[in-house]
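Colleague: For reference, the structure I am asking about is given below.
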Amino acid sequence: MVKQHKIRVGVIGTGIGSYHIRAYQKLPEVEVVAVVDLDSKRAKQIAEEYGIAHSFSDYRKLLDLKQIDAVSVCTPNFLHAEITVAALQAGKDVLCEKPMAMNTQEAEMMVKAARQTGRKLMMAFCRRFQNDSQWLKKYIEAGELGEIYYAKTGWLRRRGIPGLGGWFTTKAKSGGGPLIDLGVHMLDLVLWLMGNPRAVSASGSTYAKFTDLYPLEKGTLDVEDLACALVRLETGATVFLETSWVSNISGDRVYSSLFGTKGGADFPPLKIYTEKHGKLVDLEPRLPEISGYDGEVAHFVECILQDKEPTATAEQGLEITRILDAIYESAETGKEVLLR
Ligand SMILES: NC(=O)c1ccc[n+]([C@@H]2O[C@H](COP(=O)([O-])OP(=O)(O)OC[C@H]3O[C@@H](n4cnc5c(N)ncnc54)[C@H](O)[C@@H]3O)[C@@H](O)[C@H]2O)c1
């Protein structure tokens, strides 16, 4: 049913959640009416800063508010499944931060809850909504790269562990290190650009070589600091993925390369390599700046208003989660893991 009134939203978790609040507040058709953070002082402070009527430390209080149509789940990874399922069951549409969940079992529960309740569940894969990704998707859909048979993607940091000692570096709360944190974005991005073919197998390695660099007085660091993987797809195409929080490289790198039969693409910055009239041609599209966060939030709201299925679906989130699980399993067993 198409909504007649302003969309009323709540944001749960106020780290990256504050980006969601700002993105919602740019949209005249949306009102942010409540915010939640386990840290009640922070919740109150954010509510005051952004002029939000309600603040809570318990997400259930927000879900009890009947007037709320939709929520952003922006809590640490181990709470995504619990809060998303509760929100769907409370009749709210959900935009859930990446990674979808800690593991496949949780992601399946989330997909099931979305199907049973009929509510929308969108994954916050913000990289899809950046200017280069949006333009490249259209270019690919027009057949300009031909068949994409290989993709290479990576997000490597020289020194960049988020929240050292806290939930990010505690496997029981994050599900893993850079693979689930950064790799999830890059894997989703290239698979989406390739038309979301399903994976048939994954082979990966993970390393934790720098733990001694970070002696902790309190907290935990028990996740990998580098992961690499080879994922084979049902189309016969292959994806190579690499990601690190700590590695001895010249500097941080975020890159993707698509290899197609009619053209190739490197980004960011986006460059297209093709052949026209017997000559090699390089293209550099001039694109306006768009924030991925603003784009994803605007898309979520548009889907609610127009009762459309979001493009970053729960099923796609589940597929990515399956692949990540398979990479971790392969790293542990030293064997390729078959997915179907
Ligand atoms: N899309 C992106 O580019 C992007 C960037 C950063 C983080 N993230 C994702 O967003 C999520 C949050 O990451 P972050 O960087 O904001 O982490 P963070 O630790 O900075 O912030 C998380 C917030 O959630 C609050 N919180 C914890 N438990 C809660 C609960 N039970 N109820 C309500 N609030 C609770 C914490 O108090 C904290 O303020 C993670 O899943 C992360 O992977 C996505």
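As shown in the structure tokens, the chain order sets the letters A, B, ...; within each chain, residues go from 1, and ligands are also counted from 1 in the order they appear.
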List all protein, DNA and RNA residues that have any atom at most 8 Å from ligand 1, counting only C-alpha atoms and all ligand atoms, and write the list as an MDAnalysis selection string.

Modeller: chainID A and resid 12:17 36:39 42 57:59 73:80 97:100 124:127 162:163 166:168 174 181 185 293

Colleague: I need the residues from that last selection saved to file as an mmCIF file, in the first residue's frame (with C-alpha atoms), if you can.

Modeller:
```
data_model
loop_
_atom_site.group_PDB
_atom_site.id
_atom_site.type_symbol
_atom_site.label_atom_id
_atom_site.label_comp_id
_atom_site.auth_asym_id
_atom_site.auth_seq_id
_atom_site.Cartn_x
_atom_site.Cartn_y
_atom_site.Cartn_z
ATOM 1 C CA ILE A 12 18.827 2.135 16.759
ATOM 2 C CA GLY A 13 22.542 2.597 17.528
ATOM 3 C CA THR A 14 24.119 6.022 17.087
ATOM 4 C CA GLY A 15 27.648 5.441 15.736
ATOM 5 C CA ILE A 16 27.072 5.055 12.003
ATOM 6 C CA GLY A 17 23.432 5.583 13.001
ATOM 7 C CA VAL A 36 18.058 4.445 20.736
ATOM 8 C CA ASP A 37 21.481 3.848 22.196
ATOM 9 C CA LEU A 38 22.466 1.497 24.982
ATOM 10 C CA ASP A 39 24.314 4.514 26.343
ATOM 11 C CA ARG A 42 24.461 9.459 24.168
ATOM 12 C CA SER A 57 18.320 2.993 25.880
ATOM 13 C CA ASP A 58 16.150 -0.090 25.169
ATOM 14 C CA TYR A 59 15.205 -0.695 21.514
ATOM 15 C CA VAL A 73 19.431 -1.080 12.733
ATOM 16 C CA CYS A 74 22.900 0.383 13.361
ATOM 17 C CA THR A 75 24.059 -1.604 16.378
ATOM 18 C CA PRO A 76 27.110 -3.885 16.634
ATOM 19 C CA ASN A 77 26.912 -6.980 14.399
ATOM 20 C CA PHE A 78 25.827 -9.471 17.085
ATOM 21 C CA LEU A 79 22.573 -7.526 17.591
ATOM 22 C CA HIS A 80 21.518 -7.205 13.932
ATOM 23 C CA GLU A 97 23.594 -2.145 8.545
ATOM 24 C CA LYS A 98 26.193 -4.478 7.062
ATOM 25 C CA PRO A 99 27.154 -7.211 7.668
ATOM 26 C CA MET A 100 23.615 -8.592 7.644
ATOM 27 C CA ALA A 124 22.698 -1.083 3.996
ATOM 28 C CA PHE A 125 25.169 -1.817 1.190
ATOM 29 C CA CYS A 126 26.036 1.876 0.798
ATOM 30 C CA ARG A 127 28.766 1.322 -1.818
ATOM 31 C CA PRO A 162 38.292 -0.245 14.226
ATOM 32 C CA GLY A 163 37.425 -0.102 17.954
ATOM 33 C CA GLY A 166 35.889 -3.665 21.693
ATOM 34 C CA TRP A 167 33.132 -5.519 19.841
ATOM 35 C CA PHE A 168 34.723 -5.050 16.370
ATOM 36 C CA SER A 174 31.555 -9.157 15.287
ATOM 37 C CA ASP A 181 33.682 -5.825 8.160
ATOM 38 C CA HIS A 185 31.027 -4.356 1.080
ATOM 39 C CA TYR A 293 24.628 6.760 2.882
#
```

Colleague: Mind the document's chain letters and residue numbers, and return as JSON, numbers by chain the residues of segment 44-262 of chain A that DSSP labels alpha helix (DSSP H).

Modeller: {"A": [44, 45, 46, 47, 48, 49, 50, 59, 60, 61, 62, 63, 64, 80, 81, 82, 83, 84, 85, 86, 87, 88, 89, 104, 105, 106, 107, 108, 109, 110, 111, 112, 113, 114, 115, 116, 117, 131, 132, 133, 134, 135, 136, 137, 138, 139, 140, 141, 171, 172, 173, 174, 178, 184, 185, 186, 187, 188, 189, 190, 191, 192, 193]}

Colleague: May I have the residues within 9 Å of segment 219-221 of chain A as JSON, numbers by chain, using only C-alpha atoms and disregarding those fewer than 5 positions away in the same chain?

Modeller: {"A": [164, 165, 166, 167, 168, 169, 170, 171, 211, 214]}

Colleague: Could you check which of A:Met122, A:Gly278, A:Val337, A:Tyr149 is closest to Ala229 of chain A, using only C-alpha atoms?

Modeller: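 Closest candidate: A:Val337.
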
Colleague: Excluding same-chain residues fewer than 2 positions from Glu336 of chain A, what lies within 10 Å of it counting only C-alpha atoms, as a ChimeraX atom specification?

Modeller: /A:201-204,229-231,326-327,329-331,333-334,338-339

Colleague: Could you please take those selected residues and save C-alpha atoms as an mmCIF file, in the first residue's frame?

Modeller:
```
data_model
loop_
_atom_site.group_PDB
_atom_site.id
_atom_site.type_symbol
_atom_site.label_atom_id
_atom_site.label_comp_id
_atom_site.auth_asym_id
_atom_site.auth_seq_id
_atom_site.Cartn_x
_atom_site.Cartn_y
_atom_site.Cartn_z
ATOM 1 C CA SER A 201 32.338 -22.555 -4.002
ATOM 2 C CA ALA A 202 34.775 -20.530 -1.954
ATOM 3 C CA SER A 203 38.372 -21.026 -1.012
ATOM 4 C CA GLY A 204 40.041 -18.671 1.424
ATOM 5 C CA ALA A 229 39.513 -15.620 -1.118
ATOM 6 C CA LEU A 230 38.596 -17.038 -4.483
ATOM 7 C CA VAL A 231 34.859 -17.408 -5.097
ATOM 8 C CA ALA A 326 32.307 -20.527 3.496
ATOM 9 C CA ILE A 327 35.501 -18.423 3.298
ATOM 10 C CA GLU A 329 35.320 -22.399 6.944
ATOM 11 C CA SER A 330 37.763 -22.840 4.086
ATOM 12 C CA ALA A 331 40.420 -20.852 5.974
ATOM 13 C CA THR A 333 39.923 -26.462 7.073
ATOM 14 C CA GLY A 334 42.371 -25.538 4.318
ATOM 15 C CA LEU A 338 31.152 -26.162 -1.935
ATOM 16 C CA LEU A 339 28.076 -24.007 -1.569
#
```

Colleague: Suppose you want the space between atom CA of Arg158 of chain A and atom CA of Leu182 of chain A; what is it in Å?

Modeller: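 Calculated distance between atom CA of Arg158 of chain A and atom CA of Leu182 of chain A is 13.6 Å.
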
Colleague: Tell me, as number ranges by chain, which residues lie within 10 Å of segment 142-145 of chain A, counting only C-alpha atoms; anything in the same chain fewer than 3 positions away does not count.

Modeller: A: 136-139, 148, 258-265, 272-274

Colleague: Can you write out the residues you just picked, keeping N, CA, C and O atoms, as an mmCIF file, in the first residue's frame?

Modeller:
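selection26.cif written:
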```cif
data_model
loop_
_atom_site.group_PDB
_atom_site.id
_atom_site.type_symbol
_atom_site.label_atom_id
_atom_site.label_comp_id
_atom_site.auth_asym_id
_atom_site.auth_seq_id
_atom_site.Cartn_x
_atom_site.Cartn_y
_atom_site.Cartn_z
ATOM 1 N N LEU A 136 27.973 2.794 -13.320
ATOM 2 C CA LEU A 136 28.549 1.575 -13.893
ATOM 3 C C LEU A 136 27.488 0.473 -14.028
ATOM 4 O O LEU A 136 27.485 -0.283 -15.000
ATOM 5 N N LYS A 137 26.571 0.409 -13.057
ATOM 6 C CA LYS A 137 25.504 -0.596 -13.118
ATOM 7 C C LYS A 137 24.680 -0.408 -14.399
ATOM 8 O O LYS A 137 24.384 -1.371 -15.114
ATOM 9 N N LYS A 138 24.346 0.857 -14.685
ATOM 10 C CA LYS A 138 23.554 1.139 -15.909
ATOM 11 C C LYS A 138 24.366 0.767 -17.151
ATOM 12 O O LYS A 138 23.835 0.208 -18.111
ATOM 13 N N TYR A 139 25.634 1.083 -17.139
ATOM 14 C CA TYR A 139 26.529 0.807 -18.266
ATOM 15 C C TYR A 139 26.608 -0.703 -18.513
ATOM 16 O O TYR A 139 26.537 -1.171 -19.644
ATOM 17 N N ILE A 148 30.932 -10.488 -17.955
ATOM 18 C CA ILE A 148 31.980 -10.254 -16.936
ATOM 19 C C ILE A 148 32.360 -11.628 -16.366
ATOM 20 O O ILE A 148 31.541 -12.288 -15.726
ATOM 21 N N LEU A 258 36.682 -5.049 -13.003
ATOM 22 C CA LEU A 258 35.801 -6.011 -13.665
ATOM 23 C C LEU A 258 36.392 -6.323 -15.033
ATOM 24 O O LEU A 258 36.804 -5.403 -15.760
ATOM 25 N N PHE A 259 36.439 -7.583 -15.361
ATOM 26 C CA PHE A 259 36.994 -8.011 -16.654
ATOM 27 C C PHE A 259 35.846 -8.550 -17.509
ATOM 28 O O PHE A 259 35.293 -9.612 -17.203
ATOM 29 N N GLY A 260 35.471 -7.806 -18.553
ATOM 30 C CA GLY A 260 34.371 -8.231 -19.418
ATOM 31 C C GLY A 260 34.853 -8.492 -20.833
ATOM 32 O O GLY A 260 35.930 -8.024 -21.229
ATOM 33 N N THR A 261 34.041 -9.224 -21.616
ATOM 34 C CA THR A 261 34.461 -9.564 -22.981
ATOM 35 C C THR A 261 34.434 -8.352 -23.908
ATOM 36 O O THR A 261 35.157 -8.309 -24.911
ATOM 37 N N LYS A 262 33.591 -7.337 -23.581
ATOM 38 C CA LYS A 262 33.540 -6.129 -24.435
ATOM 39 C C LYS A 262 34.234 -4.931 -23.800
ATOM 40 O O LYS A 262 34.516 -3.945 -24.474
ATOM 41 N N GLY A 263 34.456 -4.995 -22.509
ATOM 42 C CA GLY A 263 35.108 -3.879 -21.822
ATOM 43 C C GLY A 263 35.475 -4.267 -20.408
ATOM 44 O O GLY A 263 34.982 -5.276 -19.881
ATOM 45 N N GLY A 264 36.337 -3.449 -19.807
ATOM 46 C CA GLY A 264 36.710 -3.673 -18.419
ATOM 47 C C GLY A 264 36.520 -2.386 -17.648
ATOM 48 O O GLY A 264 36.385 -1.307 -18.237
ATOM 49 N N ALA A 265 36.492 -2.482 -16.323
ATOM 50 C CA ALA A 265 36.327 -1.277 -15.507
ATOM 51 C C ALA A 265 37.204 -1.379 -14.270
ATOM 52 O O ALA A 265 37.314 -2.456 -13.669
ATOM 53 N N ILE A 272 36.951 3.094 -17.741
ATOM 54 C CA ILE A 272 36.450 1.991 -18.566
ATOM 55 C C ILE A 272 37.473 1.753 -19.672
ATOM 56 O O ILE A 272 37.976 2.716 -20.267
ATOM 57 N N TYR A 273 37.750 0.499 -19.950
ATOM 58 C CA TYR A 273 38.714 0.149 -20.997
ATOM 59 C C TYR A 273 38.000 -0.714 -22.033
ATOM 60 O O TYR A 273 37.459 -1.771 -21.682
ATOM 61 N N THR A 274 38.001 -0.246 -23.273
ATOM 62 C CA THR A 274 37.276 -0.986 -24.295
ATOM 63 C C THR A 274 38.001 -0.852 -25.648
ATOM 64 O O THR A 274 39.121 -0.339 -25.705
#
```

Colleague: DSSP on the backbone, then: every residue of segment 46-240 of chain A marked strand (DSSP E or B), written as number ranges by chain.

Modeller: A: 54-56, 70-73, 93-97, 121-124, 148-156, 159, 165, 199-207, 220, 226-233, 238-240

Colleague: How about saving the chosen residues, N, CA and C atoms kept, as a short mmCIF file (atom, residue, chain, number, x, y, z; two decimals), in the first residue's frame?

Modeller:
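part06.cif was written with the following content:
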```cif
data_model
loop_
_atom_site.label_atom_id
_atom_site.label_comp_id
_atom_site.auth_asym_id
_atom_site.auth_seq_id
_atom_site.Cartn_x
_atom_site.Cartn_y
_atom_site.Cartn_z
N HIS A 54 11.93 11.48 20.78
CA HIS A 54 12.10 10.44 21.80
C HIS A 54 13.51 9.86 21.79
N SER A 55 14.03 9.55 22.99
CA SER A 55 15.29 8.79 23.06
C SER A 55 15.15 7.71 24.12
N PHE A 56 15.71 6.54 23.81
CA PHE A 56 15.62 5.39 24.71
C PHE A 56 16.96 4.68 24.78
N ALA A 70 9.33 2.66 10.20
CA ALA A 70 10.56 2.00 9.76
C ALA A 70 11.70 2.30 10.71
N VAL A 71 12.67 1.39 10.75
CA VAL A 71 13.84 1.61 11.60
C VAL A 71 15.13 1.31 10.84
N SER A 72 16.19 1.98 11.27
CA SER A 72 17.54 1.63 10.84
C SER A 72 18.18 0.88 11.99
N VAL A 73 18.72 -0.31 11.71
CA VAL A 73 19.43 -1.08 12.73
C VAL A 73 20.92 -0.82 12.54
N ASP A 93 9.32 -1.63 8.78
CA ASP A 93 10.27 -1.93 7.71
C ASP A 93 11.67 -1.66 8.26
N VAL A 94 12.66 -2.42 7.76
CA VAL A 94 14.00 -2.34 8.37
C VAL A 94 15.09 -2.10 7.32
N LEU A 95 15.95 -1.12 7.63
CA LEU A 95 17.21 -0.94 6.90
C LEU A 95 18.29 -1.40 7.87
N CYS A 96 18.96 -2.52 7.55
CA CYS A 96 19.92 -3.11 8.48
C CYS A 96 21.34 -2.88 8.00
N GLU A 97 22.19 -2.37 8.90
CA GLU A 97 23.59 -2.15 8.55
C GLU A 97 24.29 -3.46 8.16
N LEU A 121 12.87 -5.57 4.16
CA LEU A 121 14.17 -5.69 4.84
C LEU A 121 15.24 -5.38 3.81
N MET A 122 15.88 -4.23 3.99
CA MET A 122 16.93 -3.82 3.04
C MET A 122 18.28 -3.84 3.74
N MET A 123 19.31 -4.27 3.01
CA MET A 123 20.68 -4.27 3.53
C MET A 123 21.34 -2.93 3.21
N ALA A 124 22.05 -2.39 4.19
CA ALA A 124 22.70 -1.08 4.00
C ALA A 124 24.04 -1.25 3.27
N ILE A 148 30.93 -10.49 -17.95
CA ILE A 148 31.98 -10.25 -16.94
C ILE A 148 32.36 -11.63 -16.37
N TYR A 149 33.58 -12.05 -16.66
CA TYR A 149 33.97 -13.41 -16.27
C TYR A 149 34.95 -13.42 -15.12
N TYR A 150 35.47 -12.23 -14.74
CA TYR A 150 36.41 -12.18 -13.61
C TYR A 150 36.30 -10.83 -12.93
N ALA A 151 36.32 -10.84 -11.61
CA ALA A 151 36.33 -9.58 -10.86
C ALA A 151 37.35 -9.70 -9.75
N LYS A 152 38.04 -8.58 -9.53
CA LYS A 152 39.05 -8.53 -8.48
C LYS A 152 38.69 -7.37 -7.59
N THR A 153 38.65 -7.57 -6.30
CA THR A 153 38.24 -6.47 -5.44
C THR A 153 38.96 -6.54 -4.11
N GLY A 154 39.20 -5.40 -3.51
CA GLY A 154 39.89 -5.41 -2.23
C GLY A 154 39.71 -4.13 -1.46
N TRP A 155 39.83 -4.26 -0.15
CA TRP A 155 39.88 -3.10 0.73
C TRP A 155 40.97 -3.44 1.74
N LEU A 156 42.12 -2.81 1.54
CA LEU A 156 43.28 -3.12 2.37
C LEU A 156 43.69 -1.89 3.16
N ARG A 159 47.28 0.29 8.55
CA ARG A 159 47.01 0.22 10.00
C ARG A 159 45.62 0.81 10.20
N GLY A 165 39.96 -3.77 20.72
CA GLY A 165 39.62 -4.31 22.04
C GLY A 165 38.12 -4.42 22.28
N ALA A 199 26.97 -18.14 -5.76
CA ALA A 199 28.32 -18.72 -5.63
C ALA A 199 28.20 -20.24 -5.55
N VAL A 200 29.15 -20.94 -6.17
CA VAL A 200 29.15 -22.41 -6.06
C VAL A 200 30.24 -22.91 -5.12
N SER A 201 31.30 -22.12 -4.94
CA SER A 201 32.34 -22.55 -4.00
C SER A 201 33.19 -21.37 -3.56
N ALA A 202 33.87 -21.57 -2.44
CA ALA A 202 34.77 -20.53 -1.95
C ALA A 202 35.99 -21.18 -1.34
N SER A 203 37.13 -20.55 -1.59
CA SER A 203 38.37 -21.03 -1.01
C SER A 203 39.08 -19.80 -0.43
N GLY A 204 39.46 -19.87 0.82
CA GLY A 204 40.04 -18.67 1.42
C GLY A 204 41.11 -18.96 2.46
N SER A 205 41.84 -17.90 2.80
CA SER A 205 42.82 -17.97 3.89
C SER A 205 42.62 -16.74 4.77
N THR A 206 42.83 -16.91 6.05
CA THR A 206 42.84 -15.76 6.95
C THR A 206 44.13 -15.81 7.76
N TYR A 207 44.61 -14.62 8.14
CA TYR A 207 45.85 -14.53 8.92
C TYR A 207 45.65 -13.56 10.08
N THR A 220 39.40 -7.57 23.83
CA THR A 220 39.77 -8.78 23.08
C THR A 220 40.19 -8.41 21.66
N LEU A 226 44.01 -10.18 8.12
CA LEU A 226 43.98 -10.19 6.65
C LEU A 226 43.20 -11.42 6.18
N ALA A 227 42.46 -11.26 5.11
CA ALA A 227 41.77 -12.42 4.51
C ALA A 227 41.84 -12.29 3.00
N CYS A 228 41.97 -13.43 2.31
CA CYS A 228 41.87 -13.42 0.85
C CYS A 228 41.06 -14.64 0.44
N ALA A 229 40.41 -14.53 -0.71
CA ALA A 229 39.51 -15.62 -1.12
C ALA A 229 39.29 -15.64 -2.62
N LEU A 230 38.99 -16.83 -3.09
CA LEU A 230 38.60 -17.04 -4.48
C LEU A 230 37.19 -17.64 -4.46
N VAL A 231 36.26 -16.96 -5.11
CA VAL A 231 34.86 -17.41 -5.10
C VAL A 231 34.45 -17.74 -6.53
N ARG A 232 33.99 -18.98 -6.73
CA ARG A 232 33.53 -19.37 -8.07
C ARG A 232 32.02 -19.21 -8.14
N LEU A 233 31.52 -18.70 -9.27
CA LEU A 233 30.10 -18.41 -9.42
C LEU A 233 29.44 -19.38 -10.39
N THR A 238 34.63 -15.84 -11.84
CA THR A 238 35.39 -15.96 -10.59
C THR A 238 35.58 -14.58 -9.97
N VAL A 239 35.52 -14.53 -8.65
CA VAL A 239 35.81 -13.28 -7.92
C VAL A 239 36.99 -13.53 -7.00
N PHE A 240 37.96 -12.61 -7.06
CA PHE A 240 39.07 -12.65 -6.11
C PHE A 240 38.89 -11.48 -5.15
#
```

Colleague: Go through A:Thr84, A:Thr321, A:Ser250, A:Gln45 one by one, measure the shortest atom-to-atom distance of each to Gly183 of chain A using only C-alpha atoms, and give the residue with the smallest value.

Modeller: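 For Gly183 of chain A, the nearest of the given residues is A:Thr321.
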
Colleague: Using Å and a single decimal, report how far atom CA of Glu275 of chain A sits from atom CA of Leu191 of chain A.

Modeller: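 These two atoms are separated by 24.3 Å.
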
Colleague: In Å to one decimal, how far is atom CA of Val223 of chain A from atom CA of Ser18 of chain A?

Modeller: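 Going from atom CA of Ser18 of chain A over to atom CA of Val223 of chain A, I get 26.5 Å.
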
Colleague: Under the rule that only C-alpha atoms are counted, which of A:Asp132, A:Glu289, A:Glu242, A:Asp325 is the nearest residue to Gln105 of chain A?

Modeller: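 Closest to Gln105 of chain A of all the choices is A:Asp325.
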
Colleague: Measuring between only C-alpha atoms, which one of A:Gln116, A:Ser40, A:Gln130, A:Thr104 shows the shortest distance to Gly292 of chain A?

Modeller: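 Among the listed residues, A:Gln130 lies closest to Gly292 of chain A.
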
Colleague: In terms of the shortest atom-to-atom distance over only C-alpha atoms, which of A:Tyr24, A:Tyr328, A:Phe300, A:Phe129 is closest to Asp188 of chain A?

Modeller: A:Phe129

Colleague: From the list A:Leu65, A:His20, A:Asn103, A:Ser133, which residue is nearest Ile290 of chain A when using only C-alpha atoms?

Modeller: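 For Ile290 of chain A, the nearest of the given residues is A:Ser133.
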